[in-house]
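*Asks:* Have a peek at work_16.txt (compact mmCIF, C-alpha atoms).
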# COMPACT_ATOMS: atom_id res chain seq x y z
CA MET B 1 -13.33 -11.32 36.49
CA MET B 2 -14.26 -9.26 33.46
CA ASP B 3 -16.11 -10.79 30.56
CA PRO B 4 -13.43 -11.55 27.91
CA ALA B 5 -15.58 -10.40 25.00
CA PHE B 6 -16.23 -7.07 26.76
CA ALA B 7 -12.55 -6.69 27.61
CA GLU B 8 -11.60 -7.28 23.98
CA GLN B 9 -14.08 -4.68 22.79
CA ALA B 10 -12.85 -2.20 25.38
CA ILE B 11 -9.21 -2.72 24.32
CA THR B 12 -10.15 -2.38 20.65
CA LEU B 13 -12.01 0.84 21.38
CA VAL B 14 -9.09 2.32 23.32
CA ILE B 15 -6.62 1.41 20.54
CA LEU B 16 -8.90 2.88 17.87
CA LEU B 17 -9.24 6.13 19.85
CA LEU B 18 -5.46 6.30 20.26
CA LEU B 19 -5.08 5.66 16.50
CA ALA B 20 -7.40 8.57 15.78
CA ALA B 21 -5.45 10.81 18.16
CA VAL B 22 -2.12 9.84 16.60
CA THR B 23 -3.53 10.45 13.12
CA VAL B 24 -4.65 13.95 14.08
CA GLY B 25 -1.19 14.50 15.57
CA ILE B 26 0.56 13.40 12.36
CA VAL B 27 -1.55 15.80 10.32
CA ARG B 28 -1.18 18.77 12.69
CA VAL B 29 2.48 18.55 13.68
CA ARG B 30 4.91 20.73 11.70
CA GLY B 31 8.21 19.16 12.69
CA LEU B 32 8.81 16.18 10.43
CA PHE B 33 10.89 14.31 13.04
CA ALA B 34 7.85 14.28 15.32
CA ALA B 35 5.68 13.15 12.42
CA VAL B 36 8.01 10.20 11.71
CA VAL B 37 8.02 9.15 15.37
CA LEU B 38 4.22 9.42 15.43
CA LEU B 39 4.05 7.24 12.31
CA GLY B 40 6.06 4.63 14.20
CA ALA B 41 3.65 4.88 17.12
CA TYR B 42 0.76 4.49 14.68
CA SER B 43 2.32 1.28 13.34
CA PHE B 44 2.79 -0.14 16.82
CA LEU B 45 -0.83 0.65 17.72
CA MET B 46 -1.90 -1.03 14.49
CA ALA B 47 0.23 -4.08 15.40
CA THR B 48 -1.44 -4.21 18.83
CA LEU B 49 -4.83 -4.06 17.15
CA PHE B 50 -3.85 -6.97 14.89
CA VAL B 51 -2.84 -8.99 17.97
CA VAL B 52 -6.25 -8.27 19.53
CA LEU B 53 -7.84 -9.47 16.27
CA ASP B 54 -5.76 -12.71 16.48
CA ALA B 55 -3.77 -11.86 13.33
CA VAL B 56 -0.37 -12.41 14.93
CA ASP B 57 1.56 -12.88 11.69
CA VAL B 58 0.26 -9.58 10.32
CA ALA B 59 1.02 -7.89 13.64
CA MET B 60 4.63 -9.04 13.46
CA THR B 61 4.97 -7.75 9.91
CA GLU B 62 3.39 -4.41 10.82
CA ALA B 63 5.66 -3.95 13.83
CA SER B 64 8.87 -4.83 12.00
CA VAL B 65 8.20 -3.14 8.65
CA GLY B 66 5.90 -0.28 9.65
CA ALA B 67 7.50 0.75 12.90
CA GLY B 68 11.03 -0.50 12.26
CA ILE B 69 12.35 -0.33 8.71
CA SER B 70 10.13 2.42 7.32
CA THR B 71 10.89 4.69 10.30
CA VAL B 72 14.60 4.32 9.55
CA LEU B 73 14.01 5.00 5.85
CA PHE B 74 11.93 8.08 6.67
CA LEU B 75 14.69 9.36 8.94
CA GLY B 76 17.21 8.72 6.16
CA ALA B 77 15.03 10.72 3.78
CA LEU B 78 14.75 13.54 6.34
CA TYR B 79 18.54 13.64 6.65
CA LEU B 80 18.76 14.13 2.89
CA THR B 81 16.09 16.82 2.71
CA ASP B 82 14.75 19.00 5.51
CA THR B 83 13.16 18.39 8.88
CA LYS B 84 10.62 21.22 8.71
CA GLU B 85 7.44 21.01 6.71
CA ALA B 86 7.14 23.74 4.09
CA THR B 87 4.19 25.98 4.90
CA GLY B 88 1.54 26.00 2.20
CA LYS B 89 0.51 29.20 0.49
CA ALA B 90 -3.22 29.04 1.11
CA ARG B 91 -5.70 26.64 2.63
CA GLU B 92 -7.39 25.24 -0.42
CA LEU B 93 -10.95 24.00 -0.40
CA ALA B 94 -10.40 21.40 -3.14
CA PRO B 95 -8.30 18.98 -1.00
CA LEU B 96 -10.90 19.20 1.76
CA ALA B 97 -13.65 18.37 -0.70
CA VAL B 98 -11.67 15.41 -2.10
CA ALA B 99 -11.01 14.07 1.40
CA ALA B 100 -14.63 14.51 2.46
CA ILE B 101 -15.98 12.80 -0.65
CA THR B 102 -13.52 9.90 -0.29
CA ALA B 103 -14.47 9.46 3.35
CA ALA B 104 -18.17 9.52 2.48
CA VAL B 105 -17.67 6.89 -0.25
CA LEU B 106 -15.68 4.67 2.13
CA ILE B 107 -18.31 4.91 4.86
CA TRP B 108 -21.05 4.22 2.31
CA GLY B 109 -19.12 1.16 1.09
CA MET B 110 -18.65 -0.04 4.67
CA SER B 111 -22.39 -0.30 5.15
CA ASP B 112 -22.38 -3.26 2.73
CA LEU B 113 -19.77 -5.24 4.68
CA PRO B 114 -20.95 -8.23 6.73
CA GLU B 115 -21.16 -7.67 10.46
CA PHE B 116 -17.76 -7.91 12.18
CA GLY B 117 -16.94 -11.47 13.25
CA SER B 118 -20.18 -12.99 11.96
CA ALA B 119 -19.78 -16.69 11.20
CA ASP B 120 -22.34 -16.98 8.38
CA GLN B 121 -20.37 -15.04 5.76
CA PRO B 122 -19.93 -16.70 2.37
CA ILE B 123 -16.17 -16.98 2.92
CA HIS B 124 -16.72 -19.25 5.92
CA ALA B 125 -19.45 -21.31 4.26
CA LYS B 126 -17.86 -21.86 0.84
CA GLY B 127 -14.15 -21.12 1.30
CA ALA B 128 -11.46 -23.78 1.03
CA ASP B 129 -11.31 -25.65 4.33
CA TYR B 130 -7.67 -24.90 5.11
CA LEU B 131 -8.12 -25.02 8.89
CA ALA B 132 -9.11 -28.66 8.74
CA ARG B 133 -6.83 -29.65 5.84
CA SER B 134 -3.56 -28.01 6.85
CA LEU B 135 -2.31 -30.50 9.41
CA PRO B 136 -3.08 -33.76 7.54
CA ASP B 137 -1.92 -32.29 4.18
CA THR B 138 1.25 -30.50 5.16
CA GLY B 139 2.03 -31.32 8.81
CA ILE B 140 2.19 -27.57 9.53
CA PRO B 141 0.07 -26.42 12.49
CA ASN B 142 0.29 -22.69 11.65
CA VAL B 143 -2.31 -22.39 8.90
CA VAL B 144 -1.04 -18.96 7.87
CA THR B 145 2.31 -20.47 6.91
CA SER B 146 0.80 -23.43 5.05
CA VAL B 147 -1.55 -21.15 3.10
CA LEU B 148 1.24 -18.67 2.28
CA ALA B 149 3.94 -21.14 1.31
CA SER B 150 2.00 -24.14 0.04
CA TYR B 151 -1.65 -23.66 -0.91
CA ARG B 152 -1.04 -20.16 -2.24
CA GLY B 153 2.65 -20.61 -3.02
CA PHE B 154 2.29 -18.99 -6.41
CA ASP B 155 1.04 -15.73 -4.85
CA THR B 156 3.97 -15.68 -2.45
CA LEU B 157 6.37 -16.18 -5.36
CA GLY B 158 4.85 -13.05 -6.88
CA GLU B 159 5.18 -11.21 -3.56
CA THR B 160 8.85 -12.14 -3.29
CA THR B 161 9.37 -10.94 -6.85
CA VAL B 162 7.73 -7.62 -5.89
CA VAL B 163 10.16 -7.16 -2.98
CA PHE B 164 13.05 -8.04 -5.28
CA THR B 165 11.83 -5.59 -7.91
CA ALA B 166 11.46 -2.82 -5.33
CA GLY B 167 15.00 -3.35 -4.09
CA ILE B 168 16.47 -3.43 -7.61
CA GLY B 169 14.43 -0.34 -8.55
CA VAL B 170 15.76 1.71 -5.63
CA LEU B 171 19.31 0.55 -6.34
CA VAL B 172 19.12 1.48 -10.02
CA LEU B 173 17.52 4.88 -9.38
CA LEU B 174 19.80 6.04 -6.58
CA ARG B 175 23.00 4.65 -8.07
CA ARG B 176 22.45 6.36 -11.41
CA ARG B 177 21.90 9.69 -9.65
CA SER B 178 25.11 9.45 -7.63
CA GLY B 179 27.02 8.33 -10.75
CA GLN B 180 25.86 11.45 -12.57
CA GLY B 181 26.95 13.58 -9.65
CA LYS B 182 30.50 12.30 -9.86
CA SER B 183 31.04 12.76 -13.59
CA MET Q 1 26.25 9.38 16.90
CA ARG Q 2 29.32 7.42 15.94
CA ARG Q 3 31.11 8.27 19.19
CA ASP Q 4 28.16 7.66 21.49
CA LEU Q 5 29.46 5.04 23.91
CA VAL Q 6 26.06 4.18 25.40
CA LEU Q 7 24.53 3.45 22.01
CA ARG Q 8 27.47 1.37 20.87
CA VAL Q 9 27.57 -0.78 24.00
CA ALA Q 10 23.78 -1.15 24.12
CA SER Q 11 23.60 -2.13 20.45
CA LYS Q 12 26.34 -4.71 21.04
CA PHE Q 13 24.13 -6.35 23.65
CA ILE Q 14 20.97 -6.11 21.57
CA LEU Q 15 22.28 -7.32 18.19
CA PRO Q 16 22.85 -11.04 18.98
CA PRO Q 17 19.34 -11.53 20.46
CA ILE Q 18 17.82 -9.79 17.41
CA MET Q 19 19.66 -12.14 15.03
CA LEU Q 20 18.71 -15.13 17.17
CA PHE Q 21 15.08 -13.99 17.22
CA ALA Q 22 15.15 -13.66 13.42
CA LEU Q 23 16.35 -17.27 13.14
CA TYR Q 24 13.67 -18.37 15.59
CA VAL Q 25 10.97 -16.59 13.59
CA GLN Q 26 12.33 -18.18 10.41
CA PHE Q 27 12.51 -21.77 11.61
CA HIS Q 28 9.58 -21.73 14.02
CA GLY Q 29 7.25 -20.18 11.44
CA ASP Q 30 5.60 -23.57 10.88
CA TYR Q 31 4.44 -23.65 14.48
CA GLY Q 32 4.13 -20.05 15.60
CA PRO Q 33 3.68 -16.65 14.00
CA GLY Q 34 6.22 -15.56 11.45
CA GLY Q 35 8.02 -16.89 8.45
CA GLY Q 36 10.55 -15.88 5.85
CA PHE Q 37 9.25 -12.35 5.34
CA GLN Q 38 9.17 -11.36 9.01
CA ALA Q 39 12.49 -13.08 9.75
CA GLY Q 40 14.11 -11.33 6.80
CA VAL Q 41 12.93 -7.92 7.99
CA ILE Q 42 14.08 -8.58 11.57
CA ALA Q 43 17.52 -9.77 10.47
CA ALA Q 44 17.83 -6.77 8.16
CA ALA Q 45 16.85 -4.51 11.07
CA ALA Q 46 19.78 -5.90 13.06
CA ILE Q 47 22.24 -5.01 10.28
CA ILE Q 48 20.60 -1.59 9.85
CA LEU Q 49 20.90 -0.91 13.58
CA TYR Q 50 24.58 -1.84 13.38
CA GLY Q 51 24.98 0.53 10.45
CA LEU Q 52 23.16 3.36 12.23
CA VAL Q 53 25.33 3.10 15.35
CA ASN Q 54 28.72 2.20 13.89
CA GLY Q 55 28.55 3.92 10.52
CA LEU Q 56 27.74 2.73 7.04
CA ALA Q 57 31.30 1.70 6.15
CA ARG Q 58 31.50 -0.85 8.98
CA ALA Q 59 28.10 -2.33 8.14
CA GLN Q 60 29.19 -2.65 4.52
CA LYS Q 61 32.32 -4.45 5.64
CA MET Q 62 30.13 -7.01 7.43
CA VAL Q 63 27.47 -7.32 4.68
CA PRO Q 64 29.03 -6.02 1.44
CA GLN Q 65 26.92 -4.50 -1.30
CA ALA Q 66 28.14 -7.13 -3.77
CA LEU Q 67 26.86 -9.91 -1.50
CA LEU Q 68 23.43 -8.24 -1.32
CA GLU Q 69 23.28 -8.03 -5.11
CA VAL Q 70 23.88 -11.79 -5.27
CA LEU Q 71 21.39 -12.62 -2.49
CA MET Q 72 18.51 -10.52 -3.86
CA PRO Q 73 17.94 -12.51 -7.06
CA SER Q 74 19.06 -15.83 -5.56
CA GLY Q 75 16.13 -15.83 -3.12
CA VAL Q 76 13.64 -15.50 -5.97
CA LEU Q 77 15.60 -18.12 -7.96
CA ILE Q 78 15.50 -20.59 -5.05
CA TYR Q 79 11.74 -20.09 -4.82
CA ALA Q 80 11.25 -20.57 -8.55
CA ALA Q 81 13.61 -23.56 -8.58
CA VAL Q 82 11.50 -25.30 -5.93
CA GLY Q 83 8.58 -24.84 -8.29
CA VAL Q 84 10.57 -26.40 -11.16
CA ALA Q 85 11.61 -29.26 -8.85
CA GLY Q 86 7.90 -29.88 -8.28
CA LEU Q 87 7.41 -30.07 -12.06
CA MET Q 88 10.35 -32.48 -12.43
CA THR Q 89 8.92 -34.84 -9.82
CA GLY Q 90 5.63 -35.05 -11.67
CA GLU Q 91 3.62 -32.51 -9.67
CA ASN Q 92 2.23 -29.10 -10.57
CA TYR Q 93 4.49 -26.04 -10.48
CA LEU Q 94 5.13 -25.35 -6.75
CA GLY Q 95 3.51 -28.66 -5.84
CA TYR Q 96 5.61 -30.19 -3.08
CA ASP Q 97 3.94 -33.58 -2.65
CA HIS Q 98 6.68 -35.59 -4.42
CA LEU Q 99 9.73 -33.77 -3.06
CA ALA Q 100 10.29 -36.40 -0.33
CA HIS Q 101 9.26 -39.98 0.32
CA ASP Q 102 5.71 -39.01 1.33
CA ALA Q 103 3.46 -36.03 0.73
CA VAL Q 104 3.64 -34.51 4.22
CA HIS Q 105 7.45 -34.59 4.25
CA GLY Q 106 7.51 -33.20 0.75
CA GLN Q 107 5.31 -30.33 1.85
CA GLU Q 108 7.58 -29.59 4.79
CA TRP Q 109 10.66 -29.55 2.55
CA GLY Q 110 8.94 -27.35 0.01
CA VAL Q 111 7.74 -24.85 2.59
CA PHE Q 112 11.17 -24.79 4.25
CA LEU Q 113 13.01 -24.06 0.99
CA VAL Q 114 10.48 -21.53 -0.19
CA GLU Q 115 10.65 -19.65 3.12
CA ALA Q 116 14.45 -19.65 2.85
CA GLY Q 117 14.13 -18.01 -0.56
CA VAL Q 118 11.74 -15.38 0.80
CA PHE Q 119 14.13 -14.71 3.70
CA LEU Q 120 17.14 -14.13 1.42
CA THR Q 121 15.33 -11.74 -0.92
CA VAL Q 122 13.61 -9.72 1.84
CA PHE Q 123 16.75 -9.55 4.00
CA SER Q 124 19.00 -8.35 1.19
CA SER Q 125 16.45 -6.00 -0.39
CA MET Q 126 15.79 -4.18 2.90
CA ILE Q 127 19.50 -3.71 3.57
CA ALA Q 128 20.15 -2.66 -0.02
CA ILE Q 129 17.43 0.02 0.20
CA PHE Q 130 18.93 1.24 3.48
CA TYR Q 131 22.44 1.38 1.99
CA ALA Q 132 21.12 3.26 -1.02
CA PHE Q 133 19.50 5.93 1.19
CA ALA Q 134 22.23 6.16 3.77
CA GLY Q 135 25.00 6.28 1.16
CA ARG Q 136 23.75 9.49 -0.42
CA ARG Q 137 25.23 12.81 0.54
CA ARG Q 138 23.13 15.82 1.37
CA SER Q 139 22.76 17.89 -1.78
Would you mind writing the file's structure down as structure tokens?
*Replies:*
Amino acid sequence: MMDPAFAEQAITLVILLLLAAVTVGIVRVRGLFAAVVLLGAYSFLMATLFVVLDAVDVAMTEASVGAGISTVLFLGALYLTDTKEATGKARELAPLAVAAITAAVLIWGMSDLPEFGSADQPIHAKGADYLARSLPDTGIPNVVTSVLASYRGFDTLGETTVVFTAGIGVLVLLRRRSGQGKS
Amino acid sequence: MRRDLVLRVASKFILPPIMLFALYVQFHGDYGPGGGFQAGVIAAAAIILYGLVNGLARAQKMVPQALLEVLMPSGVLIYAAVGVAGLMTGENYLGYDHLAHDAVHGQEWGVFLVEAGVFLTVFSSMIAIFYAFAGRRRS
């Protein structure tokens, strides 16, 4: 029997390597259909990673939104435009510099993060004790749901409003365009 | 795609389990992973799959655009109304403790109604965005 902690690390490592490979594929591939399918694969790998990290709710969201709906919307956009990536005029150095600097800043910022999974972070010592409070307060065993809908209900109201606004925004934009086309 | 027999038959078999799974995710969100947002996306995905296989017109016959435009704001309104109900019963805005005879039941009612609001808005917004994209002609 393999040590569970080792197995988890091995799985995480494999998924991260696959993520890197898929990312390189998305950047290199010229056909946009392939890029969209690879984006879906990326989302599914991400969802698997979230399951390994015990964030099942996030994994479900990632799989349904990232791999499901957004793939369909990308395909819809491809149908309206073109399925081949336009070839750039020249390989510019400026984008490379921007990407390199951003990556360097991110890696530098990462060095300040607490060690992964360490129990003595401030958030565990001083955070609200939802894990213990959820069941007696709300009768809801899934703490994610009780935090989302009850303890942090106001944030979720804002989130719902954001989804609503996005939907209305797309409707208004696309409908006005097609109305102009008719007249 | 519209005449592809395999896709049409396969989607007919797949659609009911997807809808059922969406309901499960919605109502079992208190005990397992999921909730209104995930259930809304999954249910919307079922309608979108139907639209992809059978054509936009048939999907719009099942879930009309006008219905979506009613559902989108009503989800947010349900959510906000639960908050006002909390105020009326002498709690804070979005405080559920006094919605039922004791605090735990009140919390369960509040979470249930709020998740229903999230479901309606997410479900209808996702489908509306899909309709908006799929309804455009190639320029």
*Asks:* With all atoms listed in the file considered, list every residue of chain B at most 9 Å from chain Q, as number ranges by chain.
*Replies:* B: 55-58, 60-61, 64-65, 68-69, 72-73, 76-77, 79-81, 135-146, 148-151, 153-154, 156-157, 159-161, 163-168, 170-171, 174-175, 178
*Asks:* Write out as a PDB file with C-alpha atoms, in the coordinates of the input the residues lying within 7 Å of range 16-31 of chain B, counting only C-alpha atoms and excluding same-chain residues fewer than 5 positions away.
*Replies:*
ATOM      1  CA  LEU B  38       4.220   9.420  15.430  1.00  0.00           C
ATOM      2  CA  TYR B  42       0.760   4.490  14.680  1.00  0.00           C
ATOM      3  CA  LEU B  45      -0.830   0.650  17.720  1.00  0.00           C
ATOM      4  CA  THR B  83      13.160  18.390   8.880  1.00  0.00           C
ATOM      5  CA  LYS B  84      10.620  21.220   8.710  1.00  0.00           C
ATOM      6  CA  GLU B  85       7.440  21.010   6.710  1.00  0.00           C
TER       7      GLU B  85
END
*Asks:* Select, from B:Ala67, B:Val147, B:Gly117, B:Ala97, the residue with the minimum atom-to-atom distance to Ala5 in chain B, counting only C-alpha atoms.
*Replies:* B:Gly117
*Asks:* Can you tell me how far CA of His124 in chain B sits from CA of Ile107 in chain B, in Å to one decimal?
*Replies:*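 Going from CA of His124 in chain B over to CA of Ile107 in chain B covers 24.2 Å.
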*Asks:* Provide the CA of Asp3 in chain B to CA of Asp54 in chain B distance in Å, to one decimal place.
*Replies:* 17.6 Å
*Asks:* Quick one: distance from CA of Val6 in chain Q to CA of Ser70 in chain B in Å, one decimal?
*Replies:* 24.2 Å
*Asks:* Build an axis-aligned box that encloses every atom of range 96-107 of chain Q listed in the file, pad it by 4 Å on each side, and report its centre and edge lengths in Å to one decimal, as JSON.
*Replies:*
{"center_x": 6.9, "center_y": -35.1, "center_z": -0.1, "size_x": 14.8, "size_y": 17.8, "size_z": 16.7}
